[in-house]
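The next block holds one structure in the form of structure tokens; read it before the comments.
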Amino acid sequence: LFCQLNCEETLSIVYTEPINYFLQDMYHHLQFAYYQENNLEKSAEATACFLVLNSSHEIMKENKDLLKIKLQYTDDDFVAEKEVMEYAVNRKEMYDLMDFINKNYRWPNEYSMADEDTNEVSESTSQSTEEIEDWMTRYEKLGIHIIAKSVDLYREDRFVADGMLKEEQCEELLTMIKGLEVEKIGSQKFDLKAGQQRLQESPDEEYEAFLRLFIRATDGVRQYTQRYLDRDTQLHLKEAFIVCWSQTYDPETVHGCYPQEDGTCVRFNDMCDELSSQEYTTVTYLNTASGDSQFLNENEQIDSSFGVKCGRTVGFSTGDRHVAITPRTIGERRCAMMIRFTTDEKDAGNDYRDTIALLHRVDELRHAKASKSGIDIMKKFEDEGVKIVKNGSELMGKERFVADGLSSEEQCITLKNMVKELGTAGDGYSGKKSPHTINEIFAGLPLDQ
């Protein structure tokens, strides 16, 4: 019964957050849309559906009164859809029954303390599993899907998910790597320190937007990884960068070593023998490329491999052996956003915090500049004879004001004459009568006309 009563709230979850009054608002939108299309009968039906769900809504009752006049309806003519009536009746019955249960039933203590403790642990584990599945379901609605788990990839804590980024986001993040030096081994690397330096040296709104996207993307991956791993300890960002690999013009520089997702190239014997218990790594690819990504086992054999494409994210414990296969074609790149997380807050990277602080300072400077610019503009208006006769504090709202002198008498007469000669009839409702009053008709002159 409790599950059924919460059904509407569950269905209303959009982008991980529930929308209040989800069902009744659907009929609110329908009522307005039908009215705009002059389908007054369907508008009346939507109004009836809404009022069945919320009979005390004042605005909708006013809409009903308006439709009564236009359609010459009585109250009996406002008939809601059969399904809505059944829904409302069933919901009332369920609420009444739940109320009866809560008032009249008591649950006897049938278990010993030991049984209760065992039961609590069992329930806690069950709830934890259900919560993870619930979050994964929400992410799937956003287009993020797990395509391989640790059991498929032959090691604990490995996973592969698709859909972490959209195509346009990948393209925007790739612009961060432009103009950066390509190492002899064929890797090209952007990090937050480089981003801060560029923004400070030459402020650019477009670059600033890309840097903000990078910050949002890293935090989005962190939240997803935290939910998927379901660890008790919080993940903190240690370092984040974008790395692109391409064929080097001097193959000797990478002979005998394995390209890594972090832009280095290491020999197998130099790879870490132990997985870190405190650090975790994710790699989110930013383009579709011919170079695969591979996990290796202790015998230098391939555990598993998969292709790379925009939005695909791979997660593994830091220290896990892997290879970033470089595309064979000269000039082709495979690019990814790599993030290292740590469970030790003291070990979290300063670059991430410094970048956020820098972006906050940029916001403050922009706000201060806009405020100063606003003061200068108001001074210019005052010099031209414009006066604020009432401000927000007098009009009970900070956005409200009354000003005199914005137009001269001659300008007002000219504008009125233009509308009289060239204006077209309408009222802001696509030329139809206003729903507020049948007498509210205007003549208007669009700027393009």
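Identifiers in the structure tokens: chain A, B, ... in order shown; residue index from 1 per chain; ligand index from 1 in order shown.
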All residues 10 Å or closer to Gly331 in chain A, only C-alpha atoms, same chain fewer than 4 positions away omitted, as a ChimeraX atom specification:
/A:245-248,327
Residue subset to file, keeping N, CA and C atoms, as a tab-separated table (two decimals), in the first residue's frame:
```tsv
chain	number	residue	atom	x	y	z
A	245	TRP	N	46.68	10.93	-27.12
A	245	TRP	CA	47.78	10.12	-27.65
A	245	TRP	C	47.70	10.08	-29.17
A	246	SER	N	48.85	10.22	-29.83
A	246	SER	CA	48.93	10.04	-31.28
A	246	SER	C	50.28	9.40	-31.60
A	247	GLN	N	50.42	8.91	-32.83
A	247	GLN	CA	51.66	8.25	-33.22
A	247	GLN	C	52.84	9.22	-33.17
A	248	THR	N	53.93	8.77	-32.56
A	248	THR	CA	55.14	9.59	-32.53
A	248	THR	C	55.92	9.42	-33.83
A	327	PRO	N	46.39	5.13	-31.77
A	327	PRO	CA	45.92	4.92	-33.15
A	327	PRO	C	47.10	4.75	-34.11
```
Exercise: range 86-94 of chain A partners within 10 Å, only C-alpha atoms, chain neighbours under 5 positions left out, as an MDAnalysis selection string:
chainID A and resid 1:2 4:5 49 52:54 81 99:100
Pick from A:Phe316, A:Ser277, A:Asp376, A:Met271, whichever lies nearest to Glu156 in chain A using only C-alpha atoms:
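Comparing A:Phe316, A:Ser277, A:Asp376, A:Met271 against Glu156 in chain A, the winner is A:Phe316.
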Can you list, as an MDAnalysis selection string, all residues belonging to range 245-324 of chain A that DSSP tags as strand (DSSP E or B)?
chainID A and resid 245 258:259 265:266 279:285 289:296 302:308 313:317 322:324
Any chance you can output those residues with N, CA and C atoms as a compact mmCIF listing (two decimals), in the first residue's frame?
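Result file follows (selection-v9.txt):
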```
# COMPACT_ATOMS: atom_id res chain seq x y z
N TRP A 245 46.68 10.93 -27.12
CA TRP A 245 47.78 10.12 -27.65
C TRP A 245 47.70 10.08 -29.17
N TYR A 258 54.70 0.76 -22.41
CA TYR A 258 53.26 0.77 -22.62
C TYR A 258 52.71 2.18 -22.36
N PRO A 259 52.05 2.80 -23.37
CA PRO A 259 51.42 4.11 -23.14
C PRO A 259 50.34 3.99 -22.06
N CYS A 265 54.66 6.70 -20.43
CA CYS A 265 54.89 5.42 -21.10
C CYS A 265 55.83 4.61 -20.21
N VAL A 266 55.37 3.47 -19.68
CA VAL A 266 56.16 2.71 -18.70
C VAL A 266 56.36 1.27 -19.17
N GLU A 279 43.15 4.97 -3.43
CA GLU A 279 43.03 5.78 -4.65
C GLU A 279 42.29 5.01 -5.74
N TYR A 280 41.54 5.77 -6.53
CA TYR A 280 40.75 5.19 -7.61
C TYR A 280 40.89 6.09 -8.85
N THR A 281 40.87 5.49 -10.02
CA THR A 281 41.08 6.22 -11.28
C THR A 281 39.91 6.01 -12.23
N THR A 282 39.50 7.07 -12.90
CA THR A 282 38.52 6.94 -13.99
C THR A 282 39.09 7.59 -15.25
N VAL A 283 38.69 7.05 -16.39
CA VAL A 283 39.09 7.60 -17.69
C VAL A 283 37.83 7.75 -18.53
N THR A 284 37.52 8.98 -18.94
CA THR A 284 36.34 9.25 -19.77
C THR A 284 36.82 9.70 -21.14
N TYR A 285 36.50 8.91 -22.16
CA TYR A 285 37.02 9.20 -23.51
C TYR A 285 36.23 10.34 -24.15
N ALA A 289 38.05 6.65 -31.54
CA ALA A 289 39.36 6.45 -32.17
C ALA A 289 39.61 4.96 -32.37
N SER A 290 40.59 4.65 -33.21
CA SER A 290 40.87 3.25 -33.53
C SER A 290 41.69 2.56 -32.43
N GLY A 291 42.28 3.34 -31.52
CA GLY A 291 43.08 2.74 -30.45
C GLY A 291 42.23 2.23 -29.31
N ASP A 292 42.40 0.94 -28.96
CA ASP A 292 41.63 0.35 -27.86
C ASP A 292 42.22 0.72 -26.51
N SER A 293 41.51 0.32 -25.46
CA SER A 293 42.02 0.39 -24.10
C SER A 293 42.05 -1.03 -23.56
N GLN A 294 43.13 -1.39 -22.87
CA GLN A 294 43.30 -2.77 -22.43
C GLN A 294 43.70 -2.84 -20.96
N PHE A 295 43.20 -3.89 -20.27
CA PHE A 295 43.69 -4.24 -18.95
C PHE A 295 44.65 -5.42 -19.09
N LEU A 296 45.74 -5.41 -18.34
CA LEU A 296 46.73 -6.49 -18.38
C LEU A 296 46.73 -7.24 -17.05
N ILE A 302 46.56 -9.86 -21.97
CA ILE A 302 45.38 -8.98 -21.96
C ILE A 302 44.25 -9.65 -21.18
N ASP A 303 43.80 -8.98 -20.13
CA ASP A 303 42.64 -9.43 -19.36
C ASP A 303 41.35 -9.16 -20.14
N SER A 304 41.25 -7.92 -20.61
CA SER A 304 40.05 -7.49 -21.34
C SER A 304 40.40 -6.23 -22.12
N SER A 305 39.65 -5.98 -23.18
CA SER A 305 39.88 -4.77 -23.98
C SER A 305 38.54 -4.27 -24.51
N PHE A 306 38.50 -3.00 -24.86
CA PHE A 306 37.27 -2.39 -25.36
C PHE A 306 37.63 -1.16 -26.16
N GLY A 307 36.74 -0.80 -27.09
CA GLY A 307 36.96 0.38 -27.91
C GLY A 307 36.73 1.67 -27.14
N VAL A 308 37.16 2.77 -27.72
CA VAL A 308 36.98 4.07 -27.07
C VAL A 308 36.05 4.93 -27.91
N THR A 313 33.29 5.66 -20.09
CA THR A 313 34.09 5.85 -18.88
C THR A 313 34.54 4.51 -18.33
N VAL A 314 35.82 4.43 -18.01
CA VAL A 314 36.41 3.22 -17.44
C VAL A 314 36.88 3.55 -16.02
N GLY A 315 36.58 2.68 -15.07
CA GLY A 315 37.00 2.89 -13.70
C GLY A 315 37.83 1.72 -13.20
N PHE A 316 38.87 2.00 -12.42
CA PHE A 316 39.71 0.94 -11.87
C PHE A 316 40.52 1.49 -10.69
N SER A 317 40.96 0.60 -9.83
CA SER A 317 41.80 1.01 -8.70
C SER A 317 43.14 1.51 -9.22
N HIS A 322 47.28 -1.30 -17.13
CA HIS A 322 46.46 -1.00 -18.31
C HIS A 322 47.34 -0.43 -19.42
N VAL A 323 46.78 -0.40 -20.64
CA VAL A 323 47.49 0.14 -21.79
C VAL A 323 46.54 1.00 -22.59
N ALA A 324 47.03 2.17 -23.04
CA ALA A 324 46.27 3.03 -23.96
C ALA A 324 46.84 2.80 -25.36
```
Which residues come within 9 Å of Arg222 in chain A, counting only C-alpha atoms, excluding same-chain residues fewer than 6 positions away, as a VMD selection string?
chain A and resid 235 to 237 282 339 341
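Proximity to Asp351 in chain A was assessed for A:Lys387, A:Lys178, A:Lys420, A:Lys193 counting only C-alpha atoms; the smallest distance is recorded for A:Lys193.
Residues with any atom within 12 Å of Glu168 in chain A, counting only C-alpha atoms and excluding same-chain neighbours fewer than 6 positions away, are A:Leu174, A:Thr175, A:Phe210, A:Leu213, A:Leu286, A:Asn287, A:Cys310, A:Gly311.
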Report the residues of range 20-246 of chain A whose backbone DSSP state falls under helix (DSSP H, G or I), written as an MDAnalysis selection string.
chainID A and resid 22:36 40:53 58:71 75:77 82:104 113:141 150:153 167:177 192:201 205:229
Excluding Glu382 in chain A and its own-chain neighbours fewer than 5 positions away, which residues fall within 12 Å of it when counting only C-alpha atoms? Please give them as an MDAnalysis selection string.
chainID A and resid 375:377 387:389 403:406
Applying 8 Å and only C-alpha atoms, which residues near Leu211 in chain A remain after dropping the ones on its own chain fewer than 4 positions away? List them as a PyMOL selection string.
chain A and resi 176+195+207+215
Go ahead and dump the residues you just picked, C-alpha atoms, as a PDB file, in the first residue's frame.
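As a result, result-v3.pdb now contains:
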```pdb
ATOM      1  CA  MET A 176      41.266  22.643 -23.934  1.00  0.00           C
ATOM      2  CA  GLY A 195      43.936  26.159 -17.339  1.00  0.00           C
ATOM      3  CA  TYR A 207      37.695  29.437 -22.498  1.00  0.00           C
ATOM      4  CA  ILE A 215      35.069  21.164 -13.442  1.00  0.00           C
TER       5      ILE A 215
END
```
Need to verify the contact set: Ile146 in chain A, 12 Å, only C-alpha atoms, exclusion of same-chain residues closer than 6 positions in sequence. Can you return it as a VMD selection string?
chain A and resid 133 136 to 137 139 to 140 152 158 to 164 224 to 225 228 311 to 315
